[in-house]
Every structure is written in C-alpha cells, then in structure tokens.
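Q: One file: work_23.txt (compact mmCIF, C-alpha atoms).
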```txt
# COMPACT_ATOMS: atom_id res chain seq x y z
CA MET A 11 -37.35 10.66 4.98
CA GLU A 12 -34.85 13.45 4.83
CA ILE A 13 -32.21 13.68 2.15
CA VAL A 14 -29.16 15.69 2.99
CA ASN A 15 -26.90 16.80 0.19
CA GLN A 16 -23.37 16.83 1.51
CA LYS A 17 -21.00 18.31 -1.00
CA LYS A 18 -17.51 17.16 -0.27
CA THR A 19 -14.80 19.16 -1.87
CA LEU A 20 -11.84 17.21 -3.05
CA GLN A 21 -8.47 18.65 -2.23
CA ARG A 22 -5.01 17.86 -3.50
CA ASN A 23 -2.79 16.64 -0.66
CA ASP A 24 0.40 15.08 -1.99
CA GLN A 25 1.95 15.07 1.49
CA LEU A 26 -0.75 12.74 2.80
CA LEU A 27 -0.21 10.42 -0.18
CA PHE A 28 3.52 10.52 0.55
CA ILE A 29 2.94 9.66 4.22
CA ALA A 30 0.52 6.87 3.31
CA HIS A 31 3.15 5.22 1.12
CA LEU A 32 5.95 5.61 3.64
CA SER A 33 3.77 4.32 6.49
CA GLN A 34 4.15 0.89 4.91
CA LEU A 35 7.69 0.87 6.26
CA LEU A 36 6.24 0.46 9.76
CA ASN A 37 6.40 -3.28 9.04
CA TYR A 38 10.12 -3.06 9.64
CA VAL A 39 9.60 -1.32 13.00
CA THR A 40 6.47 -2.88 14.49
CA GLY A 41 5.85 -5.90 12.29
CA PHE A 42 2.22 -5.14 11.54
CA GLY A 43 1.77 -1.37 11.24
CA GLY A 44 2.51 -1.36 7.52
CA LEU A 45 -0.97 -2.65 6.79
CA VAL A 46 -3.01 -1.05 9.56
CA VAL A 47 -1.82 2.57 9.30
CA PRO A 48 -2.21 2.94 5.49
CA LEU A 49 -5.61 1.23 5.74
CA VAL A 50 -6.78 3.77 8.32
CA ILE A 51 -5.37 6.70 6.30
CA TRP A 52 -7.07 5.39 3.15
CA LEU A 53 -10.45 4.79 4.81
CA ILE A 54 -10.49 8.21 6.43
CA SER A 55 -9.42 10.30 3.45
CA LYS A 56 -10.42 8.40 0.31
CA ASP A 57 -13.42 10.67 -0.29
CA THR A 58 -11.68 13.97 0.42
CA VAL A 59 -8.21 13.70 -1.16
CA ILE A 60 -7.68 13.51 -4.91
CA GLY A 61 -5.96 10.26 -5.83
CA MET A 62 -6.17 8.71 -2.36
CA ASP A 63 -8.58 6.00 -3.49
CA GLU A 64 -6.21 4.85 -6.24
CA HIS A 65 -3.10 5.08 -4.07
CA GLY A 66 -4.81 3.50 -1.06
CA LYS A 67 -5.99 0.52 -3.07
CA ALA A 68 -2.50 0.08 -4.50
CA ILE A 69 -0.98 0.19 -1.01
CA ILE A 70 -3.42 -2.33 0.46
CA ASN A 71 -3.01 -4.64 -2.55
CA LEU A 72 0.78 -4.49 -2.15
CA GLN A 73 0.63 -5.28 1.57
CA LEU A 74 -1.78 -8.19 1.06
CA SER A 75 0.38 -9.50 -1.79
CA LEU A 76 3.52 -9.29 0.36
CA ILE A 77 1.77 -11.22 3.12
CA LEU A 78 0.68 -13.85 0.59
CA TRP A 79 4.19 -14.15 -0.91
CA PHE A 80 5.61 -14.44 2.64
CA VAL A 81 3.16 -17.22 3.55
CA ILE A 82 4.01 -19.08 0.34
CA SER A 83 7.76 -18.64 0.82
CA VAL A 84 7.92 -20.06 4.35
CA PRO A 85 6.90 -23.63 3.43
CA ALA A 86 8.90 -23.34 0.21
CA ILE A 87 12.07 -23.29 2.31
CA LEU A 88 11.72 -27.07 2.54
CA ILE A 89 11.79 -27.33 -1.26
CA PHE A 90 15.48 -26.90 -2.01
CA GLY A 91 15.62 -23.67 -0.01
CA LEU A 92 13.78 -21.69 -2.67
CA GLY A 93 11.68 -20.04 0.00
CA ILE A 94 14.74 -18.19 1.30
CA LEU A 95 15.04 -16.42 -2.05
CA GLY A 96 11.34 -15.61 -1.84
CA LEU A 97 11.71 -14.15 1.64
CA ILE A 98 14.65 -12.03 0.51
CA ALA A 99 12.63 -10.78 -2.48
CA VAL A 100 9.65 -9.95 -0.24
CA GLY A 101 11.92 -8.00 2.09
CA ILE A 102 13.55 -6.05 -0.73
CA PHE A 103 10.32 -5.29 -2.61
CA GLY A 104 8.55 -4.39 0.64
CA PHE A 105 11.24 -1.82 1.39
CA ILE A 106 11.97 -0.32 -2.04
CA LEU A 107 8.50 -0.11 -3.66
CA PRO A 108 6.92 2.12 -0.97
CA ILE A 109 9.83 4.57 -1.21
CA VAL A 110 9.67 4.72 -5.02
CA ASN A 111 5.91 5.21 -5.01
CA ALA A 112 6.09 7.81 -2.24
CA VAL A 113 8.32 9.89 -4.51
CA LYS A 114 5.88 9.32 -7.39
CA ALA A 115 2.96 10.38 -5.18
CA SER A 116 4.74 13.58 -4.16
CA ASN A 117 5.23 14.36 -7.86
CA GLY A 118 1.55 13.72 -8.62
CA GLU A 119 2.12 10.49 -10.56
CA PRO A 120 -0.02 7.34 -10.22
CA PRO A 121 1.38 4.40 -8.23
CA SER A 122 2.98 1.46 -9.98
CA TYR A 123 3.30 -1.64 -7.85
CA PHE A 124 4.26 -4.61 -9.97
CA MET A 125 3.84 -8.21 -8.90
CA THR A 126 0.79 -7.35 -6.81
CA LEU A 127 -2.49 -9.16 -6.89
CA ARG A 128 -5.60 -7.02 -7.07
CA PHE A 129 -7.63 -7.86 -3.99
CA ILE A 130 -9.45 -4.52 -3.87
```
As a first step, turn the structure in this file into structure tokens.
A:
Amino acid sequence: MEIVNQKKTLQRNDQLLFIAHLSQLLNYVTGFGGLVVPLVIWLISKDTVIGMDEHGKAIINLQLSLILWFVISVPAILIFGLGILGLIAVGIFGFILPIVNAVKASNGEPPSYFMTLRFI
C-alpha cells in the first residue's frame, strides 16, 4: 500500500468566487444552468480556492431552495392566487441575491443568503 502525500496549496481567487455567484443568473438564459455551472465550479475548485467551499455550499443551497419555493408556489396559485406572489418573490430573490453576494465575494466577505434551507 502506497501513501502519497499531496500538498494542495490554497489560493485566493475572488474572481472565481464572483463568477460562481453570477453563473446562477444562467437560469434566466437557459433555464437550468444556474444550478449546473456553479455546482461544477464548486466541485472542481473547493479544495484549491480559499472560501470556495463556503460560497459553493451557499450557492447550491440557494438554488435548491429556489427550486423548492418554485415547486411549492405553482400549486399555491389555486389557493387564492398566493402562488403568483411566491413566483414573483422567487424571481426577484433569484436575480438580486446572486448579484449582491457576487459583490460581497469580490470584496472577500462571506455570503449571506437568507431564506435558504441548508441542504448541504
């Protein structure tokens, strides 16, 4: 049995954190890229970039929470139209929160996504 010691040096890459947050906006272009692209970025660079694990988990938790709120809001349309308000809120939060946290990531601050469920 051979044990290989691989020392991985962590590097600070605020631009990659910025891109990871803004890649969530692909939902508005492709419909599904806002979950896939940040997931790939997080899985590839979580061990090499400082803060990527924290930011990546926050991004994935936000995207899964938005999907959950969307799924809950669609049937809620039948209940006095309350689901329409939920869909509007999901659209607004899904657009504004990635931009705000991308700016925070470029400044070296931790992410702050409220109203998200912690799946990861």
Q: Hey, what's within 12 Å of A:Gly44 if we count all atoms listed in the file and toss same-chain stuff fewer than 5 positions away? As a CSV table (one decimal) with C-alpha atoms, in the frame of the given file, please?
A:
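Final file, selection29.csv:
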```csv
chain,number,residue,atom,x,y,z
A,29,ILE,CA,2.9,9.7,4.2
A,30,ALA,CA,0.5,6.9,3.3
A,31,HIS,CA,3.2,5.2,1.1
A,32,LEU,CA,6.0,5.6,3.6
A,33,SER,CA,3.8,4.3,6.5
A,34,GLN,CA,4.2,0.9,4.9
A,35,LEU,CA,7.7,0.9,6.3
A,36,LEU,CA,6.2,0.5,9.8
A,37,ASN,CA,6.4,-3.3,9.0
A,38,TYR,CA,10.1,-3.1,9.6
A,39,VAL,CA,9.6,-1.3,13.0
A,49,LEU,CA,-5.6,1.2,5.7
A,50,VAL,CA,-6.8,3.8,8.3
A,51,ILE,CA,-5.4,6.7,6.3
A,69,ILE,CA,-1.0,0.2,-1.0
A,70,ILE,CA,-3.4,-2.3,0.5
A,71,ASN,CA,-3.0,-4.6,-2.6
A,72,LEU,CA,0.8,-4.5,-2.2
A,73,GLN,CA,0.6,-5.3,1.6
A,74,LEU,CA,-1.8,-8.2,1.1
A,76,LEU,CA,3.5,-9.3,0.4
A,77,ILE,CA,1.8,-11.2,3.1
A,104,GLY,CA,8.6,-4.4,0.6
A,105,PHE,CA,11.2,-1.8,1.4
A,108,PRO,CA,6.9,2.1,-1.0
```
Q: So which residues touch A:Leu26 within 10 Å, counting only C-alpha atoms, skipping near sequence neighbours fewer than 5 positions away, as a ChimeraX atom specification?
A: /A:31-32,51-52,55,59,62,112,115-116
Q: Enter the distance from atom CA of A:Leu95 to atom CA of A:Phe80, in Å, rounded to one decimal.
A: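 Atom-to-atom, atom CA of A:Leu95 to atom CA of A:Phe80, that is 10.7 Å.
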Q: Hey, which of A:Ile98, A:Ile130, A:Gly66, A:Gly41 ends up closest to A:Leu53? Count all atoms listed in the file.
A: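 Closest residue, counting all atoms listed in the file: A:Gly66.
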Q: Could you check how far atom CA of A:Val110 sits from atom CA of A:Lys67, in Å to one decimal?
A: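 Computing the Euclidean distance for atom CA of A:Val110 and atom CA of A:Lys67 yields 16.3 Å.
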Q: What's the separation between atom CA of A:Gly118 and atom CA of A:Asp24, in Å to one decimal place?
A: 6.9 Å
Q: Between A:Leu45, A:Ile89, A:Ile94, A:Leu107, which one has atoms that come closest to A:Met125, using all atoms listed in the file?
A: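 Using all atoms listed in the file, the shortest distance to A:Met125 belongs to A:Leu107.
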Q: Using only C-alpha atoms, find the one residue out of A:Gly101, A:Leu27, A:Leu92, A:Val84 that sits nearest to A:Pro120.
A: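 Ranked by minimum distance to A:Pro120, first place goes to A:Leu27.
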Q: Return the single residue from A:Leu97, A:Ile106, A:Leu127, A:Val47 that is closest to A:Val81, with distances computed using only C-alpha atoms.
A: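 Closest candidate: A:Leu97.
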Q: Please list, as a PyMOL selection string, the residues that have an atom at most 6 Å away from (8.2, -16.4, -1.4) in the coordinates of this file, counting all atoms listed in the file.
A: chain A and resi 79-80+82-83+93+96-97
